[in-house]
$ cat query.txt   # compact mmCIF, C-alpha atoms
# COMPACT_ATOMS: atom_id res chain seq x y z
CA MET A 1 9.22 14.90 -7.51
CA LYS A 2 8.53 11.28 -6.74
CA THR A 3 5.65 12.12 -4.38
CA PRO A 4 3.38 13.53 -7.09
CA ILE A 5 4.27 10.71 -9.50
CA VAL A 6 3.63 7.92 -7.00
CA LEU A 7 0.41 9.47 -5.70
CA VAL A 8 -0.97 10.12 -9.18
CA LEU A 9 -0.21 6.51 -10.12
CA ALA A 10 -1.93 5.39 -6.92
CA MET A 11 -5.05 7.43 -7.72
CA LEU A 12 -5.25 6.21 -11.30
CA ALA A 13 -4.80 2.61 -10.20
CA GLN A 14 -7.46 2.97 -7.51
CA ALA A 15 -9.97 4.56 -9.88
CA ALA A 16 -9.28 1.93 -12.55
CA GLY A 17 -9.54 -0.88 -10.01
CA ASP A 18 -12.82 0.33 -8.55
CA THR A 19 -14.32 0.85 -12.01
CA CYS A 20 -13.29 -2.61 -13.20
CA LEU A 21 -14.57 -4.27 -10.03
CA SER A 22 -17.88 -2.39 -10.25
CA LYS A 23 -18.31 -3.31 -13.87
CA GLY A 24 -17.34 -6.89 -13.23
CA MET A 25 -19.62 -7.30 -10.21
CA LYS A 26 -22.57 -5.74 -12.06
CA THR A 27 -22.14 -8.31 -14.85
CA ILE A 28 -21.97 -11.13 -12.33
CA ALA A 29 -24.99 -9.85 -10.40
CA SER A 30 -27.05 -9.65 -13.56
CA LEU A 31 -26.38 -13.31 -14.16
CA ASN A 32 -27.93 -14.34 -10.84
CA GLN A 33 -31.12 -13.64 -8.92
CA PRO A 34 -30.60 -10.71 -6.51
CA ASP A 35 -31.13 -12.83 -3.42
CA GLU A 36 -28.75 -15.49 -4.58
CA PHE A 37 -25.61 -14.15 -2.97
CA SER A 38 -23.72 -17.36 -2.66
CA LEU A 39 -20.31 -18.80 -3.08
CA LEU A 40 -21.39 -19.49 -6.64
CA MET A 41 -21.34 -15.76 -7.21
CA LEU A 42 -17.79 -15.50 -5.95
CA VAL A 43 -16.75 -18.39 -8.18
CA ARG A 44 -18.34 -16.66 -11.14
CA ALA A 45 -16.55 -13.47 -10.12
CA MET A 46 -13.20 -15.24 -10.30
CA GLU A 47 -13.96 -16.20 -13.89
CA SER A 48 -14.41 -12.60 -14.93
CA PRO A 49 -11.39 -10.90 -16.52
CA MET A 50 -12.74 -7.53 -15.43
CA ILE A 51 -12.56 -8.63 -11.83
CA TRP A 52 -8.99 -9.82 -12.23
CA ILE A 53 -7.93 -6.57 -13.87
CA GLY A 54 -9.65 -4.72 -11.04
CA ILE A 55 -7.84 -6.75 -8.39
CA ILE A 56 -4.48 -6.17 -10.09
CA CYS A 57 -5.17 -2.44 -10.29
CA LEU A 58 -6.06 -2.30 -6.61
CA LEU A 59 -2.87 -4.21 -5.76
CA ILE A 60 -0.91 -1.62 -7.74
CA PHE A 61 -2.73 1.08 -5.79
CA PHE A 62 -1.80 -0.58 -2.51
CA ALA A 63 1.86 -0.85 -3.56
CA MET A 64 1.99 2.84 -4.53
CA PHE A 65 0.17 3.79 -1.33
CA SER A 66 2.61 1.87 0.85
CA VAL A 67 5.65 3.14 -1.03
CA SER A 68 4.57 6.77 -0.58
CA LEU A 69 4.17 6.15 3.15
CA SER A 70 7.81 5.09 3.38
CA TRP A 71 8.76 8.76 3.19
CA ALA A 72 5.62 10.87 3.58
CA ASP A 73 3.21 11.54 6.45
CA LEU A 74 -0.02 9.58 6.61
CA SER A 75 -1.78 12.88 7.30
CA PHE A 76 -0.52 14.08 3.93
CA VAL A 77 -1.02 10.97 1.80
CA MET A 78 -4.57 10.13 2.93
CA PRO A 79 -6.11 13.51 2.11
CA VAL A 80 -4.27 13.77 -1.19
CA LEU A 81 -5.47 10.31 -2.22
CA SER A 82 -9.02 11.38 -1.47
CA PHE A 83 -8.73 13.26 -4.73
CA GLY A 84 -9.23 9.81 -6.20
CA TYR A 85 -12.87 10.05 -5.20
CA ILE A 86 -13.26 12.69 -7.88
CA LEU A 87 -11.64 10.40 -10.42
CA LYS A 88 -14.06 7.72 -9.30
CA VAL A 89 -17.05 10.01 -9.85
CA ALA A 90 -15.79 11.05 -13.28
CA SER A 91 -14.94 7.49 -14.25
CA ALA A 92 -18.31 6.15 -13.09
CA ALA A 93 -20.02 8.87 -15.07
CA HIS A 94 -18.07 8.03 -18.19
CA PHE A 95 -17.59 4.27 -18.10
CA LEU A 96 -20.53 3.08 -16.03
CA ASP A 97 -23.04 5.65 -17.26
CA GLU A 98 -23.88 6.81 -13.75
CA THR A 99 -25.29 10.32 -13.50
CA VAL A 100 -23.45 12.94 -11.48
CA THR A 101 -25.93 14.59 -9.14
CA PRO A 102 -25.53 18.16 -7.82
CA VAL A 103 -24.75 16.67 -4.41
CA ARG A 104 -21.84 14.81 -5.95
CA TRP A 105 -20.57 17.97 -7.59
CA ALA A 106 -20.75 19.72 -4.23
CA GLY A 107 -18.85 16.87 -2.62
CA THR A 108 -16.24 17.07 -5.36
CA LEU A 109 -15.78 20.76 -4.70
CA PHE A 110 -15.28 20.17 -0.99
CA ILE A 111 -12.65 17.55 -1.72
CA VAL A 112 -10.78 19.75 -4.21
CA ILE A 113 -10.57 22.63 -1.74
CA GLY A 114 -9.64 20.25 1.06
CA VAL A 115 -6.85 18.68 -0.95
CA LEU A 116 -5.54 22.10 -1.96
CA LEU A 117 -5.36 23.10 1.70
CA VAL A 118 -3.58 19.91 2.70
CA SER A 119 -1.05 20.15 -0.13
CA LYS A 120 -0.25 23.68 0.96
CA SER A 121 0.06 22.70 4.59
CA GLY A 122 3.42 22.95 6.19
CA SER A 123 4.62 19.60 7.37
CA GLY A 124 5.58 16.21 6.13
CA SER A 125 5.03 15.61 2.46
CA GLY A 126 8.42 14.32 3.35
CA GLU A 127 10.57 15.08 0.37
CA ARG A 128 13.99 16.45 1.13
CA SER A 129 13.88 18.81 -1.80
CA GLY A 130 14.31 22.54 -1.79
CA THR A 131 10.63 23.34 -2.06
CA ALA A 132 9.10 25.61 0.51
CA ALA A 133 5.79 23.79 0.72
CA GLY A 134 5.85 20.40 2.32
CA GLY A 135 9.39 20.14 3.57
CA ASN A 136 9.70 19.27 7.22
CA ALA A 137 12.76 20.72 8.89
CA PRO A 138 14.80 17.82 10.28
CA ASP A 139 15.00 17.85 14.07
CA MET B 1 -27.29 -1.72 16.95
CA MET B 2 -25.35 -4.25 14.92
CA THR B 3 -25.02 -1.67 12.18
CA VAL B 4 -23.48 0.90 14.53
CA PHE B 5 -21.06 -1.69 15.85
CA MET B 6 -20.04 -2.68 12.33
CA ILE B 7 -19.52 0.93 11.27
CA VAL B 8 -17.31 1.62 14.29
CA LEU B 9 -15.39 -1.56 13.48
CA ILE B 10 -14.93 -0.52 9.85
CA VAL B 11 -13.69 2.95 10.72
CA LEU B 12 -11.37 1.90 13.53
CA SER B 13 -9.83 -1.05 11.70
CA ASN B 14 -9.33 1.00 8.53
CA ALA B 15 -7.63 3.84 10.40
CA ALA B 16 -5.58 1.41 12.48
CA GLY B 17 -4.54 -0.43 9.33
CA ASP B 18 -3.36 2.80 7.73
CA VAL B 19 -1.42 3.78 10.83
CA TYR B 20 0.28 0.38 11.11
CA ILE B 21 1.19 0.40 7.43
CA THR B 22 2.72 3.84 7.81
CA LYS B 23 4.65 2.66 10.84
CA GLY B 24 5.82 -0.44 9.00
CA MET B 25 6.87 1.37 5.85
CA LYS B 26 8.82 3.92 7.86
CA GLN B 27 10.69 0.99 9.43
CA VAL B 28 11.29 -0.62 6.04
CA GLY B 29 12.81 2.63 4.94
CA GLU B 30 12.35 5.16 2.19
CA VAL B 31 11.73 3.58 -1.18
CA SER B 32 13.68 5.65 -3.68
CA THR B 33 14.93 3.13 -6.18
CA LEU B 34 13.70 1.42 -9.31
CA ASN B 35 16.46 -1.16 -9.24
CA PRO B 36 14.73 -4.58 -9.39
CA ARG B 37 17.16 -6.28 -7.01
CA GLU B 38 16.79 -3.56 -4.40
CA LEU B 39 13.03 -3.59 -4.86
CA LEU B 40 13.03 -7.32 -4.22
CA ALA B 41 14.99 -6.81 -1.01
CA ILE B 42 12.52 -4.13 0.02
CA ALA B 43 9.59 -6.43 -0.76
CA LYS B 44 11.11 -9.08 1.48
CA ARG B 45 11.46 -6.56 4.32
CA VAL B 46 7.85 -5.54 3.82
CA ALA B 47 6.61 -9.12 3.92
CA THR B 48 8.38 -9.79 7.20
CA ASN B 49 7.60 -6.52 8.95
CA GLY B 50 5.23 -7.01 11.89
CA ASN B 51 3.61 -3.60 11.57
CA MET B 52 2.94 -4.12 7.86
CA LEU B 53 1.37 -7.52 8.48
CA LEU B 54 -0.76 -6.13 11.28
CA GLY B 55 -1.76 -3.23 9.07
CA ILE B 56 -2.78 -5.50 6.21
CA PHE B 57 -4.76 -7.65 8.64
CA CYS B 58 -6.60 -4.59 9.96
CA LEU B 59 -7.40 -3.42 6.45
CA ALA B 60 -8.71 -6.88 5.60
CA VAL B 61 -10.98 -6.77 8.66
CA SER B 62 -12.22 -3.37 7.57
CA PHE B 63 -12.81 -4.47 3.99
CA PHE B 64 -14.75 -7.62 4.84
CA SER B 65 -16.79 -5.82 7.50
CA PHE B 66 -17.60 -3.27 4.82
CA LEU B 67 -18.73 -5.95 2.38
CA THR B 68 -20.81 -7.60 5.11
CA ILE B 69 -22.60 -4.43 6.10
CA LEU B 70 -23.41 -3.75 2.45
CA THR B 71 -25.49 -6.91 2.33
CA TRP B 72 -28.05 -5.27 4.61
CA ALA B 73 -27.34 -1.54 4.58
CA ASP B 74 -27.52 1.06 1.86
CA MET B 75 -24.30 2.49 0.48
CA SER B 76 -25.60 5.97 1.23
CA PHE B 77 -25.99 5.00 4.87
CA VAL B 78 -22.50 3.62 5.15
CA ALA B 79 -21.01 6.68 3.43
CA PRO B 80 -20.33 8.75 6.54
CA ALA B 81 -18.39 5.78 7.85
CA THR B 82 -16.16 5.88 4.81
CA SER B 83 -15.56 9.59 5.16
CA SER B 84 -14.96 9.64 8.90
CA VAL B 85 -11.97 7.36 8.32
CA TYR B 86 -10.10 10.46 7.20
CA VAL B 87 -10.59 12.18 10.53
CA VAL B 88 -9.86 9.09 12.62
CA ALA B 89 -6.74 8.34 10.57
CA ILE B 90 -5.40 11.84 11.03
CA LEU B 91 -5.99 11.53 14.78
CA GLY B 92 -4.04 8.28 14.66
CA ALA B 93 -1.32 10.01 12.70
CA LYS B 94 -1.09 12.71 15.33
CA PHE B 95 -1.19 10.63 18.50
CA VAL B 96 0.35 7.33 17.44
CA LEU B 97 2.72 8.36 14.65
CA MET B 98 3.54 11.71 16.24
CA GLU B 99 3.11 13.59 12.97
CA ARG B 100 2.89 17.34 13.20
CA ILE B 101 -0.39 18.54 11.80
CA ASP B 102 -0.89 22.25 11.22
CA THR B 103 -4.23 24.05 11.08
CA LEU B 104 -4.31 24.04 7.30
CA ARG B 105 -4.05 20.28 7.23
CA TRP B 106 -6.80 19.85 9.83
CA ALA B 107 -9.05 22.18 7.86
CA GLY B 108 -8.35 20.44 4.57
CA THR B 109 -8.96 17.02 6.06
CA PHE B 110 -12.26 18.12 7.54
CA LEU B 111 -13.43 19.53 4.21
CA ILE B 112 -12.47 16.26 2.51
CA CYS B 113 -14.42 14.33 5.11
CA VAL B 114 -17.53 16.37 4.28
CA GLY B 115 -16.92 16.05 0.54
CA VAL B 116 -16.51 12.28 0.64
CA ALA B 117 -19.68 11.95 2.70
CA LEU B 118 -21.60 14.00 0.14
CA ILE B 119 -20.29 11.91 -2.75
CA CYS B 120 -21.02 8.59 -1.10
CA MET B 121 -24.48 9.65 0.02
CA SER B 122 -25.74 10.59 -3.44
$ encode --input "query.txt" --output "structure tokens"
Amino acid sequence: MKTPIVLVLAMLAQAAGDTCLSKGMKTIASLNQPDEFSLLMLVRAMESPMIWIGIICLLIFFAMFSVSLSWADLSFVMPVLSFGYILKVASAAHFLDETVTPVRWAGTLFIVIGVLLVSKSGSGSGERSGTAAGGNAPD
Amino acid sequence: MMTVFMIVLIVLSNAAGDVYITKGMKQVGEVSTLNPRELLAIAKRVATNGNMLLGIFCLAVSFFSFLTILTWADMSFVAPATSSVYVVAILGAKFVLMERIDTLRWAGTFLICVGVALICMS
């Protein structure tokens, strides 16, 4: 039970973090000339609340990611978290007004099918529960 | 040439970071509590675990290399690098972490790799 909860939290945090950072960086970039990537830009970035929220969200993601790895296989967690890419696409479409191209839809489909396959695969989601899918028989 | 080197660096350090973090967290032990005092003890173990620190360092290398390459390369060019991390990481999981990976998981991971590449390239 904890695996789905932790991983969903991780995905939400990652999507939120990326969106906030993107939004924050776009605001910063619009304040400067494009070729003016300087430390000044980073200083400005630190003043942005969006950036701070983004950083906190990504830290939450990292905590959830690490926690899930304390009991689950990396080969399970990584693919499942890739589902977050779909959240990122949806979030960018909604909050950042980016258009979702057909190529992106295709990519989303690939990821969905891929994640389904991995979640059905036999070993190491790690939970010692009675479920048939994902339990690894102890050696 | 520099671009290729940077992409290889990004992929390898990202996958290595993930593998080390997995190794470290397995050593720290399963986190199955919400008790604040126990969580604090766990956090201390995490902060002093060599594999975790190495893993975080590798991820930092990957992240900053990624930012650097973005100053001269297009995101859509770097995209396959991002997606191939999934395949490299699963190889690391198999050979370094000794995880058992069945056909379904290989297939799923490969599909995800393609999907991520498509998303990042558009």
$ atom_distance --input "query.txt" --atom1 "atom CA of A:Leu96" --atom2 "atom CA of B:Ile10"
26.7 Å
$ interface_residues --input "query.txt" --of "chain B" --to "chain A" --cutoff "9 Å" --atoms "all atoms listed in the file" --output "PDB file with C-alpha atoms, in the coordinates of the input"
ATOM      1  CA  ASP B  18      -3.360   2.800   7.730  1.00  0.00           C
ATOM      2  CA  VAL B  19      -1.420   3.780  10.830  1.00  0.00           C
ATOM      3  CA  ILE B  21       1.190   0.400   7.430  1.00  0.00           C
ATOM      4  CA  THR B  22       2.720   3.840   7.810  1.00  0.00           C
ATOM      5  CA  LYS B  23       4.650   2.660  10.840  1.00  0.00           C
ATOM      6  CA  GLY B  24       5.820  -0.440   9.000  1.00  0.00           C
ATOM      7  CA  MET B  25       6.870   1.370   5.850  1.00  0.00           C
ATOM      8  CA  LYS B  26       8.820   3.920   7.860  1.00  0.00           C
ATOM      9  CA  GLN B  27      10.690   0.990   9.430  1.00  0.00           C
ATOM     10  CA  VAL B  28      11.290  -0.620   6.040  1.00  0.00           C
ATOM     11  CA  GLY B  29      12.810   2.630   4.940  1.00  0.00           C
ATOM     12  CA  GLU B  30      12.350   5.160   2.190  1.00  0.00           C
ATOM     13  CA  VAL B  31      11.730   3.580  -1.180  1.00  0.00           C
ATOM     14  CA  SER B  32      13.680   5.650  -3.680  1.00  0.00           C
ATOM     15  CA  THR B  71     -25.490  -6.910   2.330  1.00  0.00           C
ATOM     16  CA  TYR B  86     -10.100  10.460   7.200  1.00  0.00           C
ATOM     17  CA  ALA B  89      -6.740   8.340  10.570  1.00  0.00           C
ATOM     18  CA  ILE B  90      -5.400  11.840  11.030  1.00  0.00           C
ATOM     19  CA  LEU B  91      -5.990  11.530  14.780  1.00  0.00           C
ATOM     20  CA  GLY B  92      -4.040   8.280  14.660  1.00  0.00           C
ATOM     21  CA  ALA B  93      -1.320  10.010  12.700  1.00  0.00           C
ATOM     22  CA  LYS B  94      -1.090  12.710  15.330  1.00  0.00           C
ATOM     23  CA  LEU B  97       2.720   8.360  14.650  1.00  0.00           C
ATOM     24  CA  GLU B  99       3.110  13.590  12.970  1.00  0.00           C
ATOM     25  CA  ARG B 100       2.890  17.340  13.200  1.00  0.00           C
ATOM     26  CA  ILE B 101      -0.390  18.540  11.800  1.00  0.00           C
ATOM     27  CA  ASP B 102      -0.890  22.250  11.220  1.00  0.00           C
ATOM     28  CA  THR B 103      -4.230  24.050  11.080  1.00  0.00           C
ATOM     29  CA  LEU B 104      -4.310  24.040   7.300  1.00  0.00           C
ATOM     30  CA  ARG B 105      -4.050  20.280   7.230  1.00  0.00           C
ATOM     31  CA  TRP B 106      -6.800  19.850   9.830  1.00  0.00           C
ATOM     32  CA  ALA B 107      -9.050  22.180   7.860  1.00  0.00           C
ATOM     33  CA  GLY B 108      -8.350  20.440   4.570  1.00  0.00           C
ATOM     34  CA  THR B 109      -8.960  17.020   6.060  1.00  0.00           C
ATOM     35  CA  PHE B 110     -12.260  18.120   7.540  1.00  0.00           C
ATOM     36  CA  LEU B 111     -13.430  19.530   4.210  1.00  0.00           C
ATOM     37  CA  ILE B 112     -12.470  16.260   2.510  1.00  0.00           C
ATOM     38  CA  CYS B 113     -14.420  14.330   5.110  1.00  0.00           C
ATOM     39  CA  VAL B 114     -17.530  16.370   4.280  1.00  0.00           C
ATOM     40  CA  GLY B 115     -16.920  16.050   0.540  1.00  0.00           C
ATOM     41  CA  VAL B 116     -16.510  12.280   0.640  1.00  0.00           C
ATOM     42  CA  ALA B 117     -19.680  11.950   2.700  1.00  0.00           C
ATOM     43  CA  LEU B 118     -21.600  14.000   0.140  1.00  0.00           C
ATOM     44  CA  ILE B 119     -20.290  11.910  -2.750  1.00  0.00           C
ATOM     45  CA  CYS B 120     -21.020   8.590  -1.100  1.00  0.00           C
ATOM     46  CA  MET B 121     -24.480   9.650   0.020  1.00  0.00           C
ATOM     47  CA  SER B 122     -25.740  10.590  -3.440  1.00  0.00           C
TER      48      SER B 122
END
$ atom_distance --input "query.txt" --atom1 "atom CA of A:Ala10" --atom2 "atom CA of B:Met6"
27.6 Å
$ closest_residue --input "query.txt" --among "B:Leu39, B:Val88, B:Leu34, B:Val78" --to "B:Ile7" --atoms "all atoms listed in the file"
B:Val78
$ atom_distance --input "query.txt" --atom1 "atom CA of B:Met52" --atom2 "atom CA of A:Gln14"
19.9 Å
$ closest_residue --input "query.txt" --among "B:Val11, B:Ala43, B:Met1, B:Ala16" --to "B:Cys58" --atoms "all atoms listed in the file"
B:Ala16
$ axis_aligned_box --input "query.txt" --around "stretch 8-13 of chain A" --padding-each-side "8 Å" --output "lines of an AutoDock Vina configuration file"
center_x = -2.7
center_y = 6.4
center_z = -9.1
size_x = 21.0
size_y = 23.5
size_z = 20.4
$ closest_residue --input "query.txt" --among "B:Leu53, B:Ala41, B:Val61, B:Val87" --to "B:Tyr20" --atoms "all atoms listed in the file"
B:Leu53
$ residues_around --input "query.txt" --residues "B:Phe63" --least-positions-apart "2" --cutoff "12 Å" --atoms "all atoms listed in the file" --output "number ranges by chain"
B: 6-7, 9-15, 17, 56-61, 65-70, 82
$ build_atoms --input "query.txt" --residues "stretch 91-113 of chain B" --atoms "N, CA and C atoms" --output "short mmCIF file (atom, residue, chain, number, x, y, z; two decimals), in the coordinates of the input"
data_model
loop_
_atom_site.label_atom_id
_atom_site.label_comp_id
_atom_site.auth_asym_id
_atom_site.auth_seq_id
_atom_site.Cartn_x
_atom_site.Cartn_y
_atom_site.Cartn_z
N LEU B 91 -6.19 11.57 13.33
CA LEU B 91 -5.99 11.53 14.78
C LEU B 91 -4.94 10.48 15.13
N GLY B 92 -5.05 9.32 14.46
CA GLY B 92 -4.04 8.28 14.66
C GLY B 92 -2.66 8.76 14.28
N ALA B 93 -2.60 9.49 13.15
CA ALA B 93 -1.32 10.01 12.70
C ALA B 93 -0.73 10.94 13.75
N LYS B 94 -1.59 11.74 14.37
CA LYS B 94 -1.09 12.71 15.33
C LYS B 94 -0.63 12.03 16.62
N PHE B 95 -1.47 11.14 17.16
CA PHE B 95 -1.19 10.63 18.50
C PHE B 95 -0.35 9.37 18.51
N VAL B 96 -0.44 8.56 17.45
CA VAL B 96 0.35 7.33 17.44
C VAL B 96 1.64 7.53 16.65
N LEU B 97 1.54 8.19 15.49
CA LEU B 97 2.72 8.36 14.65
C LEU B 97 3.48 9.63 14.97
N MET B 98 2.89 10.45 15.84
CA MET B 98 3.54 11.71 16.24
C MET B 98 3.81 12.64 15.06
N GLU B 99 2.93 12.64 14.07
CA GLU B 99 3.11 13.59 12.97
C GLU B 99 2.65 14.96 13.42
N ARG B 100 3.31 15.98 12.88
CA ARG B 100 2.89 17.34 13.20
C ARG B 100 1.85 17.77 12.18
N ILE B 101 0.72 18.23 12.68
CA ILE B 101 -0.39 18.54 11.80
C ILE B 101 -0.80 19.98 12.03
N ASP B 102 -0.56 20.84 11.03
CA ASP B 102 -0.89 22.25 11.22
C ASP B 102 -2.37 22.49 10.90
N THR B 103 -2.81 23.71 11.22
CA THR B 103 -4.23 24.05 11.08
C THR B 103 -4.74 23.83 9.68
N LEU B 104 -3.91 24.18 8.70
CA LEU B 104 -4.31 24.04 7.30
C LEU B 104 -4.64 22.58 6.99
N ARG B 105 -3.84 21.70 7.51
CA ARG B 105 -4.05 20.28 7.23
C ARG B 105 -5.31 19.77 7.91
N TRP B 106 -5.55 20.21 9.14
CA TRP B 106 -6.80 19.85 9.83
C TRP B 106 -8.00 20.32 9.01
N ALA B 107 -7.93 21.59 8.60
CA ALA B 107 -9.05 22.18 7.86
C ALA B 107 -9.30 21.43 6.57
N GLY B 108 -8.22 21.17 5.83
CA GLY B 108 -8.35 20.44 4.57
C GLY B 108 -8.94 19.06 4.77
N THR B 109 -8.46 18.36 5.79
CA THR B 109 -8.96 17.02 6.06
C THR B 109 -10.44 17.04 6.38
N PHE B 110 -10.85 18.03 7.17
CA PHE B 110 -12.26 18.12 7.54
C PHE B 110 -13.13 18.37 6.31
N LEU B 111 -12.67 19.26 5.44
CA LEU B 111 -13.43 19.53 4.21
C LEU B 111 -13.55 18.26 3.37
N ILE B 112 -12.46 17.50 3.29
CA ILE B 112 -12.47 16.26 2.51
C ILE B 112 -13.47 15.28 3.11
N CYS B 113 -13.48 15.22 4.43
CA CYS B 113 -14.42 14.33 5.11
C CYS B 113 -15.84 14.66 4.69
#
